[in-house]
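Enquirer: Sharing a structure, written as structure tokens. Questions coming.
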Amino acid sequence: MKSFLWILSASVLLTASCTKTDEKDSAVNAQTLNQQFISAWNSKNAIQLDTLFADDVHFLQGEAHFQGKSEVSNRWVRETMGTISNLRTNVVSSGTDAQIAYEAGTYSVDVEPSTPGTPMGEGEGNFILLWKKNPKGSWKLSYAQLEGLPVKVK
């Protein structure tokens with residue numbers, strides 16, 4: 001009888017530990033999501049970026065606030081993509097649970113000259129990218145905020 005109880009107890013513990021592992025494995029990695037975004041941006045792939053946005057995405061930078069996939073795609077991505085390149089991030093904080101994932105920290109980009117013959121610039125600032133799982137189970141960028149410093153000549 002004691003050995004039966006021991007086996008039953010061991011089975012319950014094993015099942016519980018497997019369940020916790022499965023829950024942990026189902027969590028998303030914020031770094032992976034952000035790398036998809038950064039890769040698409042650096043490849044100048046606006047179509048791929050569009051697929052990463054939630055329908056109700058928000059973008060904030062200074063006084064600018066764009067919301068909705070169409071406005072964010074047109075006014076942020078398409079208007080900005082040709083002016084900056086080589087997006088790099090330095091993550092200071094991140095977190096993930098079953099429904100939300102984020103990374104925040106600093107970013108830097110190369111800024112293309114606005115007129116021929118002028119030097120390249122470097123932009124730096126702070127960022128947060130917040131991802132949410134939609135009802136279909138896909139992770140979408142829900143909120144992006146960039147706060148930039150003045151561009152420096154390279």
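Chains: A, B, ... in order of the structure tokens. Residues: from 1 per chain. Ligands: from 1, in order shown.
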Which neighbours of Gly68 in chain A fall inside 6 Å, counting only C-alpha atoms, when residues of the same chain fewer than 2 positions from it are skipped, and could you give them as an MDAnalysis selection string?
Expert: chainID A and resid 55:57 70:71
Enquirer: If you run DSSP on the backbone here, which positions in range 65-135 of chain A get alpha helix (DSSP H)? Please write them as an MDAnalysis selection string.
Expert: chainID A and resid 69:71 79:80
Enquirer: Could the residues in this selection be written to a file with N, CA and C atoms, as a short mmCIF file (atom, residue, chain, number, x, y, z; two decimals), in the first residue's frame?
Expert:
data_model
loop_
_atom_site.label_atom_id
_atom_site.label_comp_id
_atom_site.auth_asym_id
_atom_site.auth_seq_id
_atom_site.Cartn_x
_atom_site.Cartn_y
_atom_site.Cartn_z
N LYS A 69 -3.53 50.09 -37.90
CA LYS A 69 -2.54 49.49 -38.81
C LYS A 69 -2.26 50.36 -40.03
N SER A 70 -3.29 50.90 -40.64
CA SER A 70 -3.11 51.68 -41.86
C SER A 70 -2.33 52.96 -41.60
N GLU A 71 -2.72 53.71 -40.56
CA GLU A 71 -2.04 54.97 -40.27
C GLU A 71 -0.60 54.74 -39.83
N GLU A 79 6.82 56.46 -44.50
CA GLU A 79 7.42 57.80 -44.56
C GLU A 79 8.81 57.86 -43.95
N THR A 80 9.15 56.92 -43.07
CA THR A 80 10.42 56.96 -42.36
C THR A 80 11.45 55.98 -42.89
#
Enquirer: Taking into account only C-alpha atoms, which residue in the set A:Gly121, A:Gly148, A:Gly82, A:Gly62 is nearest to Tyr107 in chain A?
Expert: A:Gly148
Enquirer: Would you mind writing down, as an MDAnalysis selection string, each residue of range 9-151 of chain A that DSSP on the backbone assigns to strand (DSSP E or B)?
Expert: chainID A and resid 53:61 64:67 84:96 100:111 121:133 139:148
Enquirer: Please provide as a list in words all residues within 6 Å of range 132-136 of chain A, with the sequence filter that same-chain residues fewer than 3 positions apart are discarded (counting only C-alpha atoms).
Expert: Gln99, Ile100, Trp139 and Lys140 of chain A
Enquirer: One number please: CA of Asn126 in chain A to CA of Ser108 in chain A, in Å, one decimal.
Expert: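 Between CA of Asn126 in chain A and CA of Ser108 in chain A the gap is 8.8 Å.
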Enquirer: Using Å and a single decimal, report how far CA of Ala104 in chain A sits from CA of Asn90 in chain A.
Expert: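 These atoms are spaced 8.2 Å apart.
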Enquirer: Hey, what's within 8 Å of Gly123 in chain A if we count only C-alpha atoms and toss same-chain stuff fewer than 6 positions away? As number ranges by chain, please?
Expert: A: 108-111, 148-152
Enquirer: Nearest residue to Gln61 in chain A out of A:Ile128, A:Val153, A:Val92, A:Met81, using only C-alpha atoms?
Expert: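 Result for the nearest residue to Gln61 in chain A: A:Ile128.
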Enquirer: CA of Met120 in chain A and CA of Gly105 in chain A are how many Å apart?
Expert: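 Going from CA of Met120 in chain A over to CA of Gly105 in chain A, I get 23.6 Å.
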Enquirer: Counting only C-alpha atoms, which residue out of A:Glu103, A:Glu112, A:Asp50, A:Glu147 sits closest to Glu124 in chain A?
Expert: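 Closest candidate: A:Glu147.
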Enquirer: Using only C-alpha atoms, can you tell me which of A:Lys154, A:Arg75, A:Phe66, A:Ala30 comes closest to Pro113 in chain A?
Expert: A:Lys154
Enquirer: Which residues, written as JSON, numbers by chain, have at least one atom at most 6 Å from Ser142 in chain A, with only C-alpha atoms counted and residues fewer than 3 positions away on the same chain left out?
Expert: {"A": [54, 57, 130, 131]}
Enquirer: Rank nothing, just name the residue among A:Thr96, A:Tyr102, A:Thr118, A:Val28 nearest to Gly137 in chain A, using only C-alpha atoms.
Expert: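 Smallest separation from Gly137 in chain A among the options: A:Val28.
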